[in-house]
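A.B. asks: Here it is, the structure in full.
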Amino acid sequence: MSLSHPSPVRKAKNSAAYVLVVLAFVVAIIPLVSILWTVIVKGAKDFNGEFLSHSMRNVAEQDPNGGAYHAILGTLEQVGIAVVITVPLSLMAAIFLVEYGRGRLAQWVTFFVDVMMGLPSIVAGLFVLSFWILGLGFKVSGFAASLALTILMLPIAIRSTEEMLKLVSPALREASYALGVPKWRTITKVVLPTALPGIVTGMMLGVARILGETAPVLLLVGVSESINPNPFANPQGSLPLFVFSEAQNSLQTAINRGWAAALTLIILVMLLNLIARLIAWWKAPAAAR
Amino acid sequence: MAKRIDVSGLSAYYGAVRAIEDISLTVEPRTVTAFIGPSGCGKSTVLRTLNRMHEVIPGARVEGKVMLDDVDLYGAGIDPVAVRRTIGMVFQRPNPFPTMSIYENVAAGLRLNGIKARGDMDGIVEQSLRGANLWNEVKDRLNKPGMGLSGGQQQRLCIARAIAVSPDVLLMDEPCSALDPISTLAIEDLIAQLKNEYTIVIVTHNMQQAARVSDRTAFFNIEGTGKPGKLIEIDDTPRIFANPSQRATEDYITGRFG
């Protein structure tokens with residue numbers, strides 16, 4: 001066996017593999033960059049203070065005025081309610097699965113969570129439509145959309161929280177038990193704080209998913225041009241729905257508004273991502289900073 | 001504060017498997033007792049049954065009695081969580097809580113149990129860190145994370161955390177096996193000091209350490225894989241190393257197996 005430098009054949013193979021990997025990366029990145037670029041360029045036309053602070057009330061489709069304020073408010077409220085319901089539920093479910101579940105119930109819960117992961121968003125919307133609106137007789141509202149968004153966010157939140165809790169070393173739980181700390185306190189004061197950065201990231205992934213969901217919102221939120229700050233009564237605006245309806249229009253004024261709304265949506269997702277990273281950094285085990 | 005432990009007829013099971021069988025021994029207060037024996041002989045299991053940590057594993061159970069002074073730890077109505085507050089444990093790999101500072105780690109045993117000890121917490125933390133021979137090294141950085149210390153310092157931090165709750169007994173499961181020789185020496189010196197206030201039981205893989213550190217030594221052995229571990233012999237340390245009464249003990253100590 002020769003101890004000298006690698007043969008030219010090996011070097012050639014190495015370079016070829018390197019080039020292929022870089023190429024694959026570039027190809028994968030191109031759609032992403034292209035989308036971002038398109039949205040920024042097209043959305044920037046209408047994206048301004050007026051757009052962000054006005055609704056479409058009394059604005060005809062050929063008017064260049066108007067804005068997405070009602071839609072932004074609607075989406076924030078709908079997603080907000082979904083998050084408020086999902087976070088505690090998913091935390092408790094994940095804690096049950098990891099810390100307490102051993103028997104059949106845990107197996108069934110895991111199975112159903114996995115099934116829910118693959119649920120098409122329109123189906124979630126249809127379910128809430130038939131159960132909440134047709135069945136229980138409520139009217140279309142922001143809250144109905146929140147229910148569908150909750151169904152879509154729950155499995156992601158439960159799964160990622162479960163994985164993060166499992167990552168906490170059993171040695172830490174042992175250390176806590178050995179001090180005579182009861183199990184529930186060990187979970188709240190030792191396990192959860194340790195897993196917190198990962199849990200926050202997982203929740204944010206869930207939020208990022210539901211922010212852009214159009215299908216369930218289409219069925220459940222009605223049509224609204226005006227600002228409706230009450231998610232529990234009457235139709236409400238929604239940002240992805242606004243993009244959808246404006247973009248379908250043939251008039252350029254409407255299309256511009258659609259692009260600006262799409263840009264707003266992407267900015268919202270990025271903002272939330274940043275906030276999540278900030279929270280995770282702030283709460284991180286001090287040594288990891 | 002230090003108490004005496006009496007074990008009689010103790011057997012422990014993981015589900016249907018009997019891990020240790022019919023263990024009987026006594027640990028006098030303010031002494032250091034070492035558990036030695038080959039891998040898998042059940043010495044860690046015996047240690048864990050002393051503070052009911054064995055039960056944390058699902059399906060694990062115990063038969064027999066463990067008396068702390070005159071209280072049967074496995075008696076009806078005894079809360080295992082309360083038992084663990086009186087009998088502390090230090091593990092093989094140092095495990096300070098990563099989200100807490102040095103100060104918070106030492107105070108954890110009290111705070112996590114809801115004990116406020118208002119003005120006194122500073123005093124308790126200092127006393128525990130002094131007791132663990134760590135005070136001088138960390139007194140200027142109590143607010144820094146516990147994970148930022150070296151291995152030996154982390155282990156002493158865990159010892160400080162364990163003694164902060166004023167236990168009656170301190171159990172140590174191979175506390176030095178993950179440490180370098182200098183840190184090991186520091187911990188062994190610490191054990192010699194701690195025995196003035198606590199009853200200590202230490203499991204060790206290192207026979208020389210048992211000889212250095214303990215007053216009494218218990219030798220455990222196992223007949224074969226799948227068989228339960230048994231206590232072969234327990235005696236004063238100098239005698240068991242110089243003149244063991246059982247053949248198996250002598251074989252282990254002279255290195256013929258293990």
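In the structure tokens, each chain is lettered A, B, ... as it comes, each chain's residues begin at 1, and ligands are numbered from 1 in order of appearance.
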With the cut-off set at 9 Å and counting only C-alpha atoms, tabulate each residue of chain B with an atom at most that distance from an atom of chain A, showing the nearest atom pair and its distance in Å to one decimal, ordered by chain and increasing number, as CSV.

C.D. replies:
residue,atom,partner,partner_atom,distance
B:Asn51,CA,A:Ala178,CA,7.9
B:Arg52,CA,A:Ala178,CA,9.0
B:Met53,CA,A:Ala178,CA,7.0
B:Val56,CA,A:Tyr177,CA,8.4
B:Pro80,CA,A:Gly180,CA,8.0
B:Val81,CA,A:Gly180,CA,4.8
B:Ala82,CA,A:Gly180,CA,6.0
B:Val83,CA,A:Gly180,CA,7.1
B:Arg84,CA,A:Gly180,CA,4.4
B:Arg85,CA,A:Gly180,CA,4.3
B:Thr86,CA,A:Gly180,CA,7.9
B:Ile87,CA,A:Ala178,CA,8.0
B:Gly88,CA,A:Ala178,CA,6.1
B:Met89,CA,A:Ala178,CA,5.7
B:Val90,CA,A:Ala175,CA,7.9
B:Phe91,CA,A:Ala175,CA,7.8
B:Arg93,CA,A:Ala171,CA,8.2
B:Pro94,CA,A:Ala171,CA,8.8
B:Asn95,CA,A:Leu172,CA,6.1
B:Pro96,CA,A:Leu172,CA,7.5
B:Phe97,CA,A:Leu172,CA,6.6
B:Pro98,CA,A:Pro285,CA,5.6
B:Thr99,CA,A:Pro285,CA,4.3
B:Met100,CA,A:Pro285,CA,7.3
B:Ser101,CA,A:Ala286,CA,7.9
B:Ala108,CA,A:Leu179,CA,8.4
B:Gly109,CA,A:Leu179,CA,5.5
B:Leu110,CA,A:Leu179,CA,8.7
B:Leu112,CA,A:Val181,CA,6.4
B:Asn113,CA,A:Val181,CA,5.9
B:Lys144,CA,A:Ala286,CA,7.9
B:Pro145,CA,A:Ala286,CA,5.8
B:Gly146,CA,A:Ala287,CA,8.0
B:Met147,CA,A:Ala287,CA,6.2
B:Gly148,CA,A:Ala287,CA,6.3
B:Cys158,CA,A:Ala175,CA,8.7
B:Arg161,CA,A:Leu179,CA,8.4
B:Ala162,CA,A:Leu179,CA,6.7
B:Val165,CA,A:Leu179,CA,7.9

A.B. asks: Write out as a list of chain:residue names each polymer residue whose atoms come within 7 Å of segment 114-131 of chain B, counting only C-alpha atoms; drop sequence neighbours fewer than 2 positions from it.

C.D. replies: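 Result of the neighbour search: B:Tyr103, B:Val106, B:Ala107, B:Leu110, B:Arg111, B:Leu112, B:Asn133, B:Leu134, B:Trp135, B:Ala160, B:Ile163, B:Ala164.
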
A.B. asks: Limited to C-alpha atoms, could you put the picked residues into a file as a CSV table (one decimal), in the first residue's frame?

C.D. replies:
chain,number,residue,atom,x,y,z
B,103,TYR,CA,-25.8,29.2,42.4
B,106,VAL,CA,-26.8,24.2,44.4
B,107,ALA,CA,-30.1,25.8,45.4
B,110,LEU,CA,-34.4,23.4,47.9
B,111,ARG,CA,-36.0,25.6,45.3
B,112,LEU,CA,-37.5,22.8,43.3
B,133,ASN,CA,-14.5,22.0,48.4
B,134,LEU,CA,-15.7,24.1,45.5
B,135,TRP,CA,-16.3,27.5,47.1
B,160,ALA,CA,-22.7,20.4,46.7
B,163,ILE,CA,-25.6,18.1,50.4
B,164,ALA,CA,-27.5,21.4,50.2

A.B. asks: Looking at A:Val41, A:Ile72, A:Val22, A:Met92, which one is nearest to Ser53 of chain A, with distances taken over only C-alpha atoms?

C.D. replies: A:Ile72

A.B. asks: Select from segment 32-265 of chain A everything DSSP, run on the backbone, classes as helix (DSSP H, G or I), then give the selection as number ranges by chain.

C.D. replies: A: 32-43, 49-53, 69-100, 104-117, 121-135, 142-167, 170-178, 183-211, 215-220, 239-248, 252-265

A.B. asks: Which residues are close to segment 245-251 of chain B, i.e. within 12 Å by only C-alpha atoms, leaving aside same-chain residues fewer than 3 positions away? Reply as a VMD selection string.

C.D. replies: chain B and resid 36 to 38 207 217 to 223 230 to 236 239 to 242 254 to 258

A.B. asks: State, in Å with one decimal place, the distance from atom CA of Asp79 of chain B to atom CA of Leu47 of chain B.

C.D. replies: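 About the pair atom CA of Asp79 of chain B and atom CA of Leu47 of chain B: they are 18.1 Å apart.
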
A.B. asks: Quick one: distance from atom CA of Tyr14 of chain B to atom CA of Tyr74 of chain B in Å, one decimal?

C.D. replies: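 Spanning atom CA of Tyr14 of chain B to atom CA of Tyr74 of chain B is a straight-line distance of 16.6 Å.
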